[in-house]
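Input: a single structure, listed below in structure tokens.
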Amino acid sequence: MGCCQSTPQSVGDLLHAALARAHWRAPAPAASAEDPSQNLRVEIYLETEGGCIRRIDYRCSSCASLIAYCEAMVRLACGRGVAEAARLDAADLIGSVAGVPGYRHDRARLAAAAFRQALSKHLPHGERSPSR
Amino acid sequence: MKVAYIFATTGHTVSYKLGRMILPQLEEDRHGAEVVGMFFFEDNNYILRRGDPLGERLVKVAREKNILLMGCDQCCYERDIADKLFEGVRIGCFPDLYKALEQSPPDQVITL
């Protein structure tokens, strides 16, 4: 899988990529986030080594927009340092996925919340900050 | 009777059944049932894209008669039109459709 992609990807391409690849699962998720009002959930699986993200993946509800944002998050995060990746937020996700109507941007915020929660556990104490 | 239409098949579903039967009847107030919603799959979503002449008429009637118009989100994403639909027309999947129809539940759901 390509890492650190900078050009916006289409939801269609991200969905196809998400379906086509094998997903990695750790024994337990590093973090999760929910939107009970819409029955949406994201789990993040994370493995770090030497301050860098070694492996990251997700499991989420079967919502096309949410899957696309989670897939984009993996592409943005893989290979980065934990501290650098922790600076990624919902705006970065929204900017990295083209063609999503504004009323679906809440999916990016949900994915980003789970992602940042997972990373926060791997940040050095001095670099931990409140969630955005 | 309240009905909801699901345009599931491609071919002449939109251009013929909707464009020549349902829509003109709605415009003339003689459709015979209260339409509360329409959901579109696959290529049928192109009618919801801004600038589509048939879509212009459909959106006008939908606003007047408070008819929900919703496109299948995955179908719209695959066609790269999700953010190019008429104002007020949303994309969604079954949970969104059922939630939207809760306000005015149809007696019959007709799949075309």
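Following the order of the structure tokens, first chain is A, next is B, and so on, with residues numbered from 1 inside each chain and ligands from 1 in the order they appear.
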
Spatial neighbours of segment 84-94 of chain A, max dist 9 Å, only C-alpha atoms, sep filter under 6 positions, as JSON, numbers by chain: {"A": [8, 52, 53, 69, 70, 72, 73, 76, 77, 78, 100, 105, 106, 107, 108, 109, 110, 111, 112, 113, 115, 116, 119, 120, 123, 132]}

Counting only C-alpha atoms, what are the residues of chain B within 7 Å of chain A, and for each of them which pair of atoms is the nearest and at what distance in Å, to one decimal? Sort the table by chain and rising number, as a tab-separated table.
```
residue	atom	partner	partner_atom	distance
B:Gln74	CA	A:Ala64	CA	6.1
B:Tyr77	CA	A:Gly12	CA	5.5
B:Glu78	CA	A:Gly12	CA	4.7
B:Asp80	CA	A:Gly99	CA	6.7
B:Ala82	CA	A:Gly99	CA	6.2
B:Asp83	CA	A:Pro101	CA	5.0
```

Nearest to Lys121 of chain A, chosen from A:Gly51, A:Pro36, A:Gly79, A:Pro27, with only C-alpha atoms counted in the distances: A:Gly51

Point-to-point distance from atom CA of Tyr46 of chain B to atom CA of Asp107 of chain B, Å rounded to tenths: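 If I compute the distance from atom CA of Tyr46 of chain B to atom CA of Asp107 of chain B, I get 27.1 Å.
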
Point-to-point distance in Å for atom CA of Pro105 of chain B and atom CA of Gly71 of chain B: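 Result for atom CA of Gly71 of chain B versus atom CA of Pro105 of chain B: 18.2 Å, one decimal.
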
Sel. of strand (DSSP E) residues, chain A, as number ranges by chain: A: 9-10, 31-35, 40-49, 52-60, 97-98

Let's have the selection written as an mmCIF file, in the first residue's frame, with C-alpha atoms.
```
data_model
loop_
_atom_site.group_PDB
_atom_site.id
_atom_site.type_symbol
_atom_site.label_atom_id
_atom_site.label_comp_id
_atom_site.auth_asym_id
_atom_site.auth_seq_id
_atom_site.Cartn_x
_atom_site.Cartn_y
_atom_site.Cartn_z
ATOM 1 C CA GLN A 9 -8.206 10.300 -3.413
ATOM 2 C CA SER A 10 -11.716 9.549 -4.547
ATOM 3 C CA ALA A 31 -8.572 2.687 20.625
ATOM 4 C CA SER A 32 -12.113 3.089 19.435
ATOM 5 C CA ALA A 33 -14.621 5.861 18.858
ATOM 6 C CA GLU A 34 -18.379 5.779 18.440
ATOM 7 C CA ASP A 35 -21.207 7.928 17.233
ATOM 8 C CA LEU A 40 -21.128 4.234 13.745
ATOM 9 C CA ARG A 41 -17.958 2.816 15.271
ATOM 10 C CA VAL A 42 -14.253 2.815 14.467
ATOM 11 C CA GLU A 43 -11.546 0.632 15.994
ATOM 12 C CA ILE A 44 -7.879 1.368 15.428
ATOM 13 C CA TYR A 45 -5.156 -1.278 15.462
ATOM 14 C CA LEU A 46 -1.703 0.105 15.974
ATOM 15 C CA GLU A 47 1.836 -1.148 16.352
ATOM 16 C CA THR A 48 4.721 1.237 16.903
ATOM 17 C CA GLU A 49 8.434 0.714 17.013
ATOM 18 C CA CYS A 52 7.348 5.264 14.378
ATOM 19 C CA ILE A 53 4.130 3.682 13.222
ATOM 20 C CA ARG A 54 5.031 0.171 12.146
ATOM 21 C CA ARG A 55 1.549 -1.073 11.376
ATOM 22 C CA ILE A 56 -1.839 0.618 11.515
ATOM 23 C CA ASP A 57 -5.243 -0.575 10.429
ATOM 24 C CA TYR A 58 -8.879 -0.217 11.350
ATOM 25 C CA ARG A 59 -12.225 -1.906 11.575
ATOM 26 C CA CYS A 60 -15.301 0.260 11.157
ATOM 27 C CA VAL A 97 -10.610 12.531 0.286
ATOM 28 C CA ALA A 98 -12.304 14.204 -2.655
#
```

Å distance separating atom CA of Glu71 of chain A from atom CA of Lys84 of chain B, one decimal place: 22.8 Å

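Near segment 96-100 of chain B, within 10 Å and counting only C-alpha atoms, sit Gln38 of chain A; Val36, Gly37, Met38, Phe39, Leu68, Leu69, Met70, Gly71, Cys72, Asp73, Arg90, Ile91, Gly92, Cys93, Phe94, Glu102, Gln103, Ser104 and Pro105 of chain B; same-chain residues fewer than 2 positions away were not included.
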
Those of chain A in DSSP helix (DSSP H, G or I), formatted as a PyMOL selection string: chain A and resi 11-20+36-38+64-77+82-85+90-96+102-104+106-120+125-127

Residue nearest Ile81 of chain B among B:Arg63, B:Arg50, B:His12, B:Lys2 (counting only C-alpha atoms): B:Arg50

Which residue of B:Val35, B:Val59, B:Ala4, B:Met21 approaches Leu85 of chain B most closely, using only C-alpha atoms: B:Val59

Closest of A:Gly50, A:Val74, A:Leu66, A:Ala30 to Pro124 of chain A - atom-to-atom distances counting only C-alpha atoms: A:Gly50
